$ cat query12.csv   # CSV, C-alpha atoms and all ligand atoms
chain,number,residue,atom,x,y,z
O,148,MET,CA,-14.0,-6.8,23.1
O,149,LYS,CA,-10.5,-7.1,24.6
O,150,MET,CA,-9.2,-5.5,21.5
O,151,LEU,CA,-11.5,-2.5,22.0
O,152,LYS,CA,-10.3,-2.1,25.6
O,153,THR,CA,-6.7,-2.1,24.4
O,154,LEU,CA,-7.6,0.5,21.8
O,155,THR,CA,-9.3,2.7,24.5
O,156,THR,CA,-6.2,2.8,26.6
O,157,TRP,CA,-4.4,4.3,23.7
O,158,ALA,CA,-6.8,7.2,23.7
O,159,ALA,CA,-4.1,9.7,24.5
O,160,ALA,CA,-2.2,8.9,21.4
O,161,SER,CA,-3.1,10.6,18.1
O,162,MET,CA,-5.7,9.1,15.9
O,163,ALA,CA,-3.1,8.6,13.2
O,164,LEU,CA,-0.8,6.5,15.4
O,165,ILE,CA,-3.8,4.4,16.4
O,166,LEU,CA,-4.7,3.8,12.8
O,167,THR,CA,-1.2,2.7,11.6
O,168,GLN,CA,-0.5,0.7,14.6
O,169,THR,CA,-3.8,-1.0,15.4
O,170,LEU,CA,-5.7,-1.1,12.2
O,171,PRO,CA,-3.4,-3.8,10.8
O,172,GLY,CA,-3.6,-5.6,14.2
O,173,PHE,CA,-7.3,-5.2,14.4
O,174,ALA,CA,-7.6,-6.8,11.0
O,175,GLN,CA,-5.5,-9.7,12.0
O,176,GLN,CA,-7.1,-10.4,15.3
O,177,THR,CA,-10.8,-9.9,14.5
O,178,ALA,CA,-13.2,-10.7,11.8
O,179,LYS,CA,-12.4,-8.9,8.6
O,180,LEU,CA,-14.2,-5.6,7.8
O,181,GLY,CA,-17.1,-5.9,5.5
O,182,ASP,CA,-17.4,-3.6,2.5
O,183,ASP,CA,-20.1,-1.6,4.3
O,184,GLU,CA,-17.6,-1.0,7.2
O,185,ILE,CA,-14.8,-0.2,4.8
O,186,ALA,CA,-17.0,2.4,3.1
O,187,SER,CA,-17.6,3.9,6.5
O,188,VAL,CA,-13.9,4.0,7.5
O,189,ALA,CA,-13.1,5.6,4.1
O,190,VAL,CA,-15.8,8.3,4.5
O,191,VAL,CA,-14.8,9.0,8.1
O,192,ALA,CA,-11.1,9.2,7.2
O,193,ASN,CA,-11.9,11.9,4.6
O,194,LYS,CA,-14.3,13.8,6.9
O,195,ASN,CA,-11.8,14.0,9.6
O,196,ASP,CA,-9.3,15.7,7.4
O,197,ILE,CA,-11.9,18.2,6.2
O,198,GLY,CA,-12.6,18.9,9.9
O,199,PHE,CA,-8.9,19.7,10.5
O,200,ALA,CA,-8.9,21.9,7.3
O,201,ARG,CA,-11.9,23.9,8.6
O,202,ILE,CA,-10.0,24.7,11.8
O,203,ALA,CA,-7.0,25.8,9.8
O,204,GLU,CA,-9.1,28.0,7.6
O,205,LYS,CA,-10.4,29.7,10.8
O,206,LYS,CA,-7.2,29.9,12.7
O,207,SER,CA,-4.3,30.4,10.3
O,208,LYS,CA,-3.2,33.5,8.6
O,209,ASN,CA,-0.4,31.8,6.7
O,210,ALA,CA,-1.0,31.8,2.9
O,211,ASP,CA,0.6,28.3,2.4
O,212,ILE,CA,-1.3,26.8,5.2
O,213,LEU,CA,-4.6,28.3,4.0
O,214,GLN,CA,-4.0,27.1,0.4
O,215,PHE,CA,-3.1,23.6,1.6
O,216,ALA,CA,-6.2,23.5,3.9
O,217,LYS,CA,-8.4,24.6,1.0
O,218,THR,CA,-7.0,21.8,-1.2
O,219,MET,CA,-7.6,19.3,1.6
O,220,ALA,CA,-11.2,20.3,2.1
O,221,SER,CA,-11.9,20.2,-1.6
O,222,ASP,CA,-10.1,17.0,-2.5
O,223,HIS,CA,-11.4,15.0,0.5
O,224,GLN,CA,-14.9,16.2,-0.3
O,225,SER,CA,-14.4,15.0,-3.9
O,226,VAL,CA,-13.4,11.6,-2.6
O,227,ILE,CA,-16.4,11.4,-0.2
O,228,ASP,CA,-18.7,12.3,-3.1
O,229,GLN,CA,-17.2,9.6,-5.3
O,230,ALA,CA,-17.4,7.0,-2.5
O,231,VAL,CA,-21.0,8.0,-1.6
O,232,ALA,CA,-22.0,7.8,-5.3
O,233,LEU,CA,-20.5,4.4,-5.6
O,234,VAL,CA,-21.9,2.8,-2.5
O,235,THR,CA,-25.3,4.2,-3.4
O,236,LYS,CA,-25.0,2.6,-6.8
O,237,LEU,CA,-23.9,-0.7,-5.1
O,238,LYS,CA,-26.7,-0.4,-2.6
O,239,VAL,CA,-24.2,-0.6,0.2
O,240,THR,CA,-24.9,1.4,3.4
O,241,PRO,CA,-21.8,2.5,5.2
O,242,LYS,CA,-21.8,0.9,8.6
O,243,ASP,CA,-20.3,2.3,11.7
O,244,ASN,CA,-17.8,-0.1,13.3
O,245,ALA,CA,-15.1,-0.1,16.0
O,246,VAL,CA,-12.5,1.4,13.6
O,247,SER,CA,-14.6,4.2,12.3
O,248,LYS,CA,-15.8,5.1,15.8
O,249,LYS,CA,-12.3,5.1,17.1
O,250,MET,CA,-11.2,7.4,14.3
O,251,THR,CA,-14.0,9.8,14.9
O,252,ALA,CA,-13.2,9.9,18.6
O,253,ASP,CA,-9.5,10.5,18.0
O,254,ALA,CA,-10.2,13.2,15.4
O,255,LYS,CA,-12.2,15.0,18.1
O,256,LYS,CA,-9.2,15.0,20.3
O,257,THR,CA,-7.0,16.2,17.5
O,258,GLU,CA,-9.4,19.0,16.8
O,259,LYS,CA,-9.4,20.0,20.5
O,260,MET,CA,-5.6,20.1,20.5
O,261,LEU,CA,-5.6,22.2,17.3
O,262,ASN,CA,-8.2,24.6,18.7
O,263,SER,CA,-6.0,25.1,21.8
O,264,LYS,CA,-3.1,26.5,19.7
O,265,SER,CA,-2.6,29.7,17.8
O,266,GLY,CA,-0.2,31.6,15.6
O,267,ALA,CA,3.0,29.8,14.5
O,268,ALA,CA,2.4,27.0,17.0
O,269,PHE,CA,-1.0,26.3,15.4
O,270,ASN,CA,0.6,26.2,11.9
O,271,LYS,CA,3.2,23.7,13.0
O,272,ALA,CA,0.7,21.6,14.9
O,273,TYR,CA,-1.6,21.5,12.0
O,274,ILE,CA,1.0,20.6,9.4
O,275,ASP,CA,2.7,18.0,11.7
O,276,ASN,CA,-0.7,16.4,12.1
O,277,GLU,CA,-1.4,16.4,8.4
O,278,VAL,CA,1.9,14.5,7.8
O,279,VAL,CA,1.2,11.9,10.4
O,280,TYR,CA,-2.5,11.6,9.5
O,281,HIS,CA,-1.8,11.1,5.7
O,282,LYS,CA,0.9,8.6,6.5
O,283,ALA,CA,-1.5,6.6,8.7
O,284,VAL,CA,-4.4,6.8,6.2
O,285,ILE,CA,-2.1,5.7,3.3
O,286,SER,CA,-0.9,2.8,5.3
O,287,ALA,CA,-4.4,1.8,6.4
O,288,VAL,CA,-5.8,2.0,2.8
O,289,GLU,CA,-2.9,0.1,1.3
O,290,THR,CA,-2.5,-2.6,3.9
O,291,VAL,CA,-6.0,-3.1,5.3
O,292,LEU,CA,-8.8,-1.5,3.3
O,293,ILE,CA,-7.7,-2.4,-0.2
O,294,PRO,CA,-6.8,-6.0,0.6
O,295,GLN,CA,-10.0,-6.6,2.5
O,296,THR,CA,-12.4,-5.0,0.0
O,297,ARG,CA,-14.5,-7.5,-1.8
O,298,ASN,CA,-16.3,-5.4,-4.4
O,299,ALA,CA,-14.0,-4.7,-7.4
O,300,GLU,CA,-15.4,-1.1,-7.9
O,301,LEU,CA,-14.9,-0.2,-4.3
O,302,LYS,CA,-11.4,-1.6,-4.4
O,303,SER,CA,-10.5,0.3,-7.5
O,304,LEU,CA,-11.9,3.5,-6.0
O,305,LEU,CA,-9.7,3.0,-3.0
O,306,GLN,CA,-6.7,2.3,-5.2
O,307,ALA,CA,-7.4,5.5,-7.2
O,308,VAL,CA,-7.4,7.6,-4.0
O,309,VAL,CA,-3.9,6.5,-3.0
O,310,PRO,CA,-2.0,8.8,-5.4
O,311,THR,CA,-4.1,11.7,-4.1
O,312,LEU,CA,-3.2,10.9,-0.5
O,313,LYS,CA,0.5,10.6,-1.5
O,314,ALA,CA,0.5,14.0,-3.2
O,315,HIS,CA,-1.1,15.5,-0.1
O,316,LEU,CA,1.6,13.9,2.0
O,317,GLU,CA,4.4,15.2,-0.2
O,318,HIS,CA,2.8,18.7,-0.1
O,319,ALA,CA,2.4,18.5,3.7
O,320,GLU,CA,6.0,17.4,4.1
O,321,MET,CA,7.2,20.3,1.9
O,322,LEU,CA,5.3,22.8,4.1
O,323,GLN,CA,6.5,21.0,7.3
O,324,SER,CA,10.1,21.6,6.3
O,325,LYS,CA,9.4,25.3,5.9
O,326,PHE,CA,7.8,25.5,9.4
O,327,THR,CA,10.6,23.6,11.1
O,328,LYS,CA,13.4,25.8,9.8
M,5,MET,CA,2.6,37.5,-34.3
M,6,ILE,CA,5.3,35.9,-36.3
M,7,PRO,CA,5.4,37.2,-39.9
M,8,ILE,CA,4.3,34.4,-42.2
M,9,ARG,CA,7.5,34.5,-44.2
M,10,LYS,CA,9.6,34.1,-41.2
M,11,PHE,CA,7.5,31.3,-39.9
M,12,TRP,CA,7.7,29.4,-43.1
M,13,GLY,CA,11.4,30.0,-43.2
M,14,ASN,CA,11.8,28.5,-39.8
M,15,SER,CA,9.6,25.6,-40.9
M,16,LEU,CA,12.0,24.8,-43.7
M,17,ILE,CA,14.9,24.7,-41.3
M,18,LEU,CA,12.8,22.6,-39.0
M,19,ALA,CA,11.9,20.2,-41.8
M,20,PHE,CA,15.1,18.2,-41.8
M,21,PRO,CA,15.2,17.2,-38.1
M,22,LEU,CA,11.4,16.8,-38.3
M,23,PHE,CA,11.7,14.4,-41.1
M,24,ILE,CA,14.0,12.2,-39.0
M,25,LEU,CA,11.8,12.6,-35.9
M,26,SER,CA,8.7,11.7,-38.0
M,27,SER,CA,10.0,8.2,-38.5
M,28,CYS,CA,8.9,7.5,-35.0
M,29,SER,CA,5.9,9.9,-34.9
M,30,THR,CA,2.4,8.7,-35.2
M,31,SER,CA,1.4,11.2,-37.9
M,32,PRO,CA,4.4,11.7,-40.2
M,33,GLU,CA,2.1,12.6,-43.1
M,34,LYS,CA,1.4,16.0,-41.4
M,35,ILE,CA,4.9,17.2,-41.8
M,36,THR,CA,5.9,18.4,-45.2
M,37,PRO,CA,8.9,20.4,-46.2
M,38,GLU,CA,6.7,23.2,-47.6
M,39,LYS,CA,4.6,23.9,-44.6
M,40,TYR,CA,4.4,22.9,-41.0
M,41,VAL,CA,0.9,22.1,-39.9
M,42,PRO,CA,0.6,22.7,-36.2
M,43,LYS,CA,-0.4,19.7,-34.2
M,44,THR,CA,-2.4,19.2,-31.0
M,45,LEU,CA,-0.7,17.2,-28.3
M,46,ARG,CA,-2.4,15.9,-25.2
M,47,VAL,CA,-1.2,15.8,-21.6
M,48,GLU,CA,-3.3,13.7,-19.3
M,49,ILE,CA,-3.6,14.7,-15.7
M,50,SER,CA,-4.0,11.5,-13.9
M,51,GLN,CA,-2.9,9.9,-10.6
M,52,MET,CA,-1.8,13.4,-9.5
M,53,LYS,CA,0.7,13.7,-12.3
M,54,PHE,CA,1.0,15.5,-15.7
M,55,GLN,CA,1.6,12.7,-18.1
M,56,PRO,CA,3.9,13.2,-19.9
M,57,ALA,CA,5.5,15.6,-17.4
M,58,THR,CA,7.7,17.0,-20.1
M,59,ILE,CA,6.4,17.6,-23.6
M,60,THR,CA,8.4,18.9,-26.6
M,61,VAL,CA,6.4,20.9,-29.2
M,62,HIS,CA,6.9,23.2,-32.1
M,63,GLN,CA,6.0,26.8,-31.8
M,64,GLY,CA,2.4,27.1,-32.7
M,65,ASP,CA,1.4,23.6,-31.6
M,66,THR,CA,-1.5,23.3,-29.3
M,67,VAL,CA,-1.3,21.4,-26.0
M,68,GLU,CA,-4.5,20.1,-24.5
M,69,TRP,CA,-4.6,19.1,-20.8
M,70,ILE,CA,-7.4,16.8,-19.7
M,71,ASN,CA,-8.2,16.1,-16.1
M,72,LYS,CA,-8.8,12.4,-15.6
M,73,ASP,CA,-8.6,12.4,-11.8
M,74,MET,CA,-11.4,12.7,-9.3
M,75,VAL,CA,-10.1,16.0,-7.9
M,76,VAL,CA,-9.9,19.5,-9.3
M,77,HIS,CA,-6.5,20.5,-10.8
M,78,ASP,CA,-5.2,23.4,-12.8
M,79,VAL,CA,-2.3,24.2,-15.1
M,80,THR,CA,-0.4,27.3,-14.2
M,81,GLN,CA,2.8,28.8,-15.5
M,82,VAL,CA,5.6,29.1,-12.9
M,83,PRO,CA,7.0,31.2,-11.4
M,84,ASN,CA,4.8,34.2,-12.4
M,85,SER,CA,1.5,32.6,-13.3
M,86,THR,CA,1.6,34.4,-16.7
M,87,TRP,CA,-1.0,31.9,-17.9
M,88,THR,CA,-3.4,29.5,-16.2
M,89,SER,CA,-6.2,27.1,-17.1
M,90,SER,CA,-8.0,28.1,-13.8
M,91,SER,CA,-9.7,25.2,-12.0
M,92,LEU,CA,-10.3,22.1,-14.2
M,93,ALA,CA,-13.0,19.9,-12.7
M,94,PRO,CA,-12.7,16.1,-13.3
M,95,GLY,CA,-13.3,15.3,-16.9
M,96,LYS,CA,-12.6,18.9,-18.1
M,97,SER,CA,-9.9,19.9,-20.5
M,98,TRP,CA,-8.1,23.1,-21.5
M,99,LYS,CA,-5.9,24.0,-24.4
M,100,MET,CA,-3.3,26.6,-25.3
M,101,VAL,CA,-1.2,27.4,-28.3
M,102,VAL,CA,2.4,27.2,-27.1
M,103,ALA,CA,4.5,30.3,-27.9
M,104,GLU,CA,7.6,29.5,-25.8
M,105,SER,CA,9.2,27.0,-23.4
M,106,ASP,CA,7.8,27.2,-19.9
M,107,ASP,CA,7.6,25.4,-16.6
M,108,TYR,CA,4.2,24.9,-15.1
M,109,TYR,CA,2.6,23.4,-12.0
M,110,CYS,CA,-0.8,22.7,-10.5
M,111,SER,CA,-1.4,25.6,-8.1
M,112,ILE,CA,-3.8,23.4,-6.1
M,113,HIS,CA,-1.3,20.6,-5.7
M,114,VAL,CA,2.0,22.4,-5.8
M,115,VAL,CA,4.0,19.1,-6.0
M,116,MET,CA,2.6,18.5,-9.5
M,117,VAL,CA,5.0,20.0,-12.0
M,118,GLY,CA,5.4,19.9,-15.8
M,119,LYS,CA,7.5,21.4,-18.6
M,120,LEU,CA,6.8,22.6,-22.1
M,121,ILE,CA,9.8,22.7,-24.4
M,122,VAL,CA,9.5,24.5,-27.7
M,123,GLN,CA,11.9,22.9,-30.2
M,124,LYS,CA,13.9,25.6,-31.8
M,125,PRO,CA,15.4,25.3,-35.3
W,401,CU,CU,-3.7,19.4,-9.0

$ encode --input "query12.csv" --output "structure tokens" --more "lines below"
Ligand SMILES: [Cu+2]
Amino acid sequence: MKMLKTLTTWAAASMALILTQTLPGFAQQTAKLGDDEIASVAVVANKNDIGFARIAEKKSKNADILQFAKTMASDHQSVIDQAVALVTKLKVTPKDNAVSKKMTADAKKTEKMLNSKSGAAFNKAYIDNEVVYHKAVISAVETVLIPQTRNAELKSLLQAVVPTLKAHLEHAEMLQSKFTK
Amino acid sequence: MIPIRKFWGNSLILAFPLFILSSCSTSPEKITPEKYVPKTLRVEISQMKFQPATITVHQGDTVEWINKDMVVHDVTQVPNSTWTSSSLAPGKSWKMVVAESDDYYCSIHVVMVGKLIVQKP
């Protein structure tokens, strides 16, 4: 529980930073995540990015941002659909855990931050967060989720998602450089 | 449309380099000096890449793209979107007879790019 307290004091930091910095730590210092917990973390990570995309679709008028957000919503939903289909087949029920709960809580804060901005400031905040968020998720998937997953099919699904996340990151970075000029 | 005579004429000129190339091709029997039989070549869309990203074809060949990823992709000419597959759901494929060299990308994931090169005689 001490670990959880430490995590809570980081509440002000972005969810993404929490993920990259504490997920590996969490893994080292506590019992490993079960496949049911990993499934939950994977679903939540995708849901969060769909949440950010929905805000962008409402708030942005920039064509590049709108196109990117549409892609995020669509791709992350495809990943969720695949993950749900697989865990259903495997009879694994995604199980809430400290990591997934923390991620949900942090996403709510990010959503609040995004909702407080508009115009060019919104576009920049959204794409900056997408860069940080995808970096964090890629790191978590590669260094924590994949190594800890026991079921081979779940592991290979997570492995298959990595190129998608990396393409999203590259796309986000491309847009970020446009908005920072 | 290319007049048949001209097409055949081009094929004859193509025949010599083709013959050399055919030594490392999987279907050399399809290439004869008399007539070029158009082929169908496949590009796999997997792991967020067009594979191969650059493909060299002969005018009249067909290229078929198949989406082996879990997300939707498309195949769209750049820079003017003069042709597009429209959305290709996972498992779906789309083909096109290639008329000329072109660059293309996935308009959904703009970092995914590919190239069609039409080999000229
Ligand atoms: Cu694509």

$ residues_around --input "query12.csv" --residues "Ala57 of chain M" --least-positions-apart "3" --cutoff "8 Å" --atoms "only C-alpha atoms" --output "PyMOL selection string"
chain M and resi 47+53-54+117-119

$ residues_near_ligand --input "query12.csv" --ligand "ligand CU 401 (chain W)" --cutoff "6 Å" --atoms "all atoms listed in the file" --output "PyMOL selection string"
chain M and resi 77-78+110+112-113

$ residues_around --input "query12.csv" --residues "Val190 of chain O" --least-positions-apart "6" --cutoff "12 Å" --atoms "only C-alpha atoms" --output "JSON, numbers by chain"
{"O": [183, 184, 196, 197, 223, 224, 225, 226, 227, 228, 229, 230, 231, 232, 233, 234, 240, 241, 242, 243, 246, 247, 248, 250, 251, 284, 288, 305, 308]}

$ closest_atom_pairs --input "query12.csv" --of "chain O" --to "chain M" --cutoff "10 Å" --atoms "all atoms listed in the file" --output "JSON lines"
{"residue": "O:Gln214", "atom": "CA", "partner": "M:Ile112", "partner_atom": "CA", "distance": 7.5}
{"residue": "O:Phe215", "atom": "CA", "partner": "M:Ile112", "partner_atom": "CA", "distance": 7.7}
{"residue": "O:Lys217", "atom": "CA", "partner": "M:Ile112", "partner_atom": "CA", "distance": 8.5}
{"residue": "O:Thr218", "atom": "CA", "partner": "M:Ile112", "partner_atom": "CA", "distance": 6.1}
{"residue": "O:Met219", "atom": "CA", "partner": "M:Ile112", "partner_atom": "CA", "distance": 9.5}
{"residue": "O:Ser221", "atom": "CA", "partner": "M:Val75", "partner_atom": "CA", "distance": 7.8}
{"residue": "O:Asp222", "atom": "CA", "partner": "M:Val75", "partner_atom": "CA", "distance": 5.5}
{"residue": "O:His223", "atom": "CA", "partner": "M:Val75", "partner_atom": "CA", "distance": 8.6}
{"residue": "O:Gln224", "atom": "CA", "partner": "M:Val75", "partner_atom": "CA", "distance": 9.0}
{"residue": "O:Ser225", "atom": "CA", "partner": "M:Val75", "partner_atom": "CA", "distance": 6.0}
{"residue": "O:Val226", "atom": "CA", "partner": "M:Met74", "partner_atom": "CA", "distance": 7.1}
{"residue": "O:Asp228", "atom": "CA", "partner": "M:Met74", "partner_atom": "CA", "distance": 9.6}
{"residue": "O:Gln229", "atom": "CA", "partner": "M:Met74", "partner_atom": "CA", "distance": 7.7}
{"residue": "O:Leu304", "atom": "CA", "partner": "M:Met74", "partner_atom": "CA", "distance": 9.8}
{"residue": "O:Ala307", "atom": "CA", "partner": "M:Gln51", "partner_atom": "CA", "distance": 7.2}
{"residue": "O:Val308", "atom": "CA", "partner": "M:Gln51", "partner_atom": "CA", "distance": 8.3}
{"residue": "O:Val309", "atom": "CA", "partner": "M:Gln51", "partner_atom": "CA", "distance": 8.4}
{"residue": "O:Pro310", "atom": "CA", "partner": "M:Gln51", "partner_atom": "CA", "distance": 5.4}
{"residue": "O:Thr311", "atom": "CA", "partner": "M:Met52", "partner_atom": "CA", "distance": 6.1}
{"residue": "O:Leu312", "atom": "CA", "partner": "M:Met52", "partner_atom": "CA", "distance": 9.4}
{"residue": "O:Lys313", "atom": "CA", "partner": "M:Met52", "partner_atom": "CA", "distance": 8.8}
{"residue": "O:Ala314", "atom": "CA", "partner": "M:Met52", "partner_atom": "CA", "distance": 6.7}
{"residue": "O:His315", "atom": "CA", "partner": "M:His113", "partner_atom": "CA", "distance": 7.6}
{"residue": "O:Leu316", "atom": "CA", "partner": "M:Val115", "partner_atom": "CA", "distance": 9.8}
{"residue": "O:Glu317", "atom": "CA", "partner": "M:Val115", "partner_atom": "CA", "distance": 7.0}
{"residue": "O:His318", "atom": "CA", "partner": "M:Val115", "partner_atom": "CA", "distance": 6.0}
{"residue": "O:Ala319", "atom": "CA", "partner": "M:Val115", "partner_atom": "CA", "distance": 9.8}
{"residue": "O:Met321", "atom": "CA", "partner": "M:Val115", "partner_atom": "CA", "distance": 8.6}

$ residues_around --input "query12.csv" --residues "Trp98 of chain M" --least-positions-apart "5" --cutoff "12 Å" --atoms "all atoms listed in the file" --output "list in words"
Thr44, Leu45, Arg46, Val47, Glu48, Ile49, Thr66, Val67, Glu68, Trp69, Ile70, Asn71, His77, Asp78, Val79, Thr80, Trp87, Thr88, Ser89, Ser90, Ser91, Leu92 and Ala93 of chain M

$ atom_distance --input "query12.csv" --atom1 "atom CA of Gly95 of chain M" --atom2 "atom CA of Ala189 of chain O"
23.1 Å

$ residues_around --input "query12.csv" --residues "Lys325 of chain O" --least-positions-apart "2" --cutoff "12 Å" --atoms "only C-alpha atoms" --output "list in words"
Asn209, Asp211, Ile212, Ala267, Asn270, Lys271, Ile274, Asp275, His318, Ala319, Glu320, Met321, Leu322, Gln323, Thr327 and Lys328 of chain O

$ atom_distance --input "query12.csv" --atom1 "atom CA of Phe326 of chain O" --atom2 "atom CA of Lys282 of chain O"
18.5 Å

$ atom_distance --input "query12.csv" --atom1 "atom CA of Ala203 of chain O" --atom2 "atom CA of Tyr273 of chain O"
7.2 Å

$ closest_residue --input "query12.csv" --among "M:Thr86, M:Gln81, M:Ser105, M:Ser97" --to "Gly64 of chain M" --atoms "all atoms listed in the file"
M:Ser105

$ decode --input "query12.csv" --residues "segment 277-303 of chain O" --atoms "N, CA and C atoms" --output "mmCIF file, in the first residue's frame"
data_model
loop_
_atom_site.group_PDB
_atom_site.id
_atom_site.type_symbol
_atom_site.label_atom_id
_atom_site.label_comp_id
_atom_site.auth_asym_id
_atom_site.auth_seq_id
_atom_site.Cartn_x
_atom_site.Cartn_y
_atom_site.Cartn_z
ATOM 1 N N GLU O 277 -0.729 13.611 -26.734
ATOM 2 C CA GLU O 277 -0.708 12.384 -27.542
ATOM 3 C C GLU O 277 0.715 11.836 -27.684
ATOM 4 N N VAL O 278 1.679 12.742 -27.838
ATOM 5 C CA VAL O 278 3.075 12.309 -27.948
ATOM 6 C C VAL O 278 3.519 11.647 -26.645
ATOM 7 N N VAL O 279 3.279 12.337 -25.544
ATOM 8 C CA VAL O 279 3.700 11.820 -24.235
ATOM 9 C C VAL O 279 2.960 10.520 -23.900
ATOM 10 N N TYR O 280 1.670 10.521 -24.163
ATOM 11 C CA TYR O 280 0.846 9.360 -23.825
ATOM 12 C C TYR O 280 1.278 8.121 -24.611
ATOM 13 N N HIS O 281 1.480 8.287 -25.931
ATOM 14 C CA HIS O 281 1.895 7.131 -26.734
ATOM 15 C C HIS O 281 3.282 6.627 -26.331
ATOM 16 N N LYS O 282 4.184 7.559 -26.019
ATOM 17 C CA LYS O 282 5.515 7.126 -25.547
ATOM 18 C C LYS O 282 5.368 6.281 -24.282
ATOM 19 N N ALA O 283 4.539 6.764 -23.374
ATOM 20 C CA ALA O 283 4.351 6.067 -22.100
ATOM 21 C C ALA O 283 3.725 4.690 -22.301
ATOM 22 N N VAL O 284 2.718 4.636 -23.159
ATOM 23 C CA VAL O 284 2.037 3.360 -23.375
ATOM 24 C C VAL O 284 2.971 2.362 -24.078
ATOM 25 N N ILE O 285 3.727 2.847 -25.071
ATOM 26 C CA ILE O 285 4.674 1.957 -25.763
ATOM 27 C C ILE O 285 5.661 1.374 -24.753
ATOM 28 N N SER O 286 6.189 2.246 -23.901
ATOM 29 C CA SER O 286 7.147 1.797 -22.902
ATOM 30 C C SER O 286 6.522 0.778 -21.950
ATOM 31 N N ALA O 287 5.312 1.067 -21.493
ATOM 32 C CA ALA O 287 4.639 0.151 -20.568
ATOM 33 C C ALA O 287 4.344 -1.200 -21.224
ATOM 34 N N VAL O 288 3.892 -1.148 -22.481
ATOM 35 C CA VAL O 288 3.560 -2.403 -23.173
ATOM 36 C C VAL O 288 4.831 -3.234 -23.386
ATOM 37 N N GLU O 289 5.905 -2.557 -23.825
ATOM 38 C CA GLU O 289 7.131 -3.293 -24.143
ATOM 39 C C GLU O 289 7.880 -3.789 -22.901
ATOM 40 N N THR O 290 7.910 -2.959 -21.859
ATOM 41 C CA THR O 290 8.755 -3.333 -20.728
ATOM 42 C C THR O 290 8.004 -3.998 -19.575
ATOM 43 N N VAL O 291 6.684 -3.840 -19.541
ATOM 44 C CA VAL O 291 5.937 -4.439 -18.426
ATOM 45 C C VAL O 291 4.902 -5.452 -18.900
ATOM 46 N N LEU O 292 3.994 -4.990 -19.750
ATOM 47 C CA LEU O 292 2.871 -5.861 -20.100
ATOM 48 C C LEU O 292 3.307 -7.108 -20.883
ATOM 49 N N ILE O 293 4.080 -6.908 -21.949
ATOM 50 C CA ILE O 293 4.494 -8.069 -22.752
ATOM 51 C C ILE O 293 5.327 -9.053 -21.910
ATOM 52 N N PRO O 294 6.363 -8.577 -21.207
ATOM 53 C CA PRO O 294 7.156 -9.545 -20.430
ATOM 54 C C PRO O 294 6.348 -10.286 -19.353
ATOM 55 N N GLN O 295 5.314 -9.627 -18.808
ATOM 56 C CA GLN O 295 4.572 -10.272 -17.711
ATOM 57 C C GLN O 295 3.416 -11.154 -18.167
ATOM 58 N N THR O 296 3.018 -11.014 -19.424
ATOM 59 C CA THR O 296 1.860 -11.785 -19.887
ATOM 60 C C THR O 296 2.202 -13.268 -19.999
ATOM 61 N N ARG O 297 1.340 -14.090 -19.433
ATOM 62 C CA ARG O 297 1.585 -15.537 -19.469
ATOM 63 C C ARG O 297 1.005 -16.188 -20.716
ATOM 64 N N ASN O 298 -0.238 -15.805 -21.046
ATOM 65 C CA ASN O 298 -0.888 -16.454 -22.185
ATOM 66 C C ASN O 298 -0.244 -16.009 -23.508
ATOM 67 N N ALA O 299 0.104 -16.992 -24.340
ATOM 68 C CA ALA O 299 0.826 -16.696 -25.583
ATOM 69 C C ALA O 299 0.010 -15.848 -26.553
ATOM 70 N N GLU O 300 -1.295 -16.098 -26.620
ATOM 71 C CA GLU O 300 -2.125 -15.322 -27.551
ATOM 72 C C GLU O 300 -2.275 -13.873 -27.104
ATOM 73 N N LEU O 301 -2.419 -13.688 -25.801
ATOM 74 C CA LEU O 301 -2.514 -12.316 -25.275
ATOM 75 C C LEU O 301 -1.181 -11.583 -25.506
ATOM 76 N N LYS O 302 -0.097 -12.313 -25.281
ATOM 77 C CA LYS O 302 1.231 -11.732 -25.507
ATOM 78 C C LYS O 302 1.389 -11.315 -26.981
ATOM 79 N N SER O 303 0.974 -12.185 -27.891
ATOM 80 C CA SER O 303 1.178 -11.845 -29.297
ATOM 81 C C SER O 303 0.237 -10.726 -29.737
#
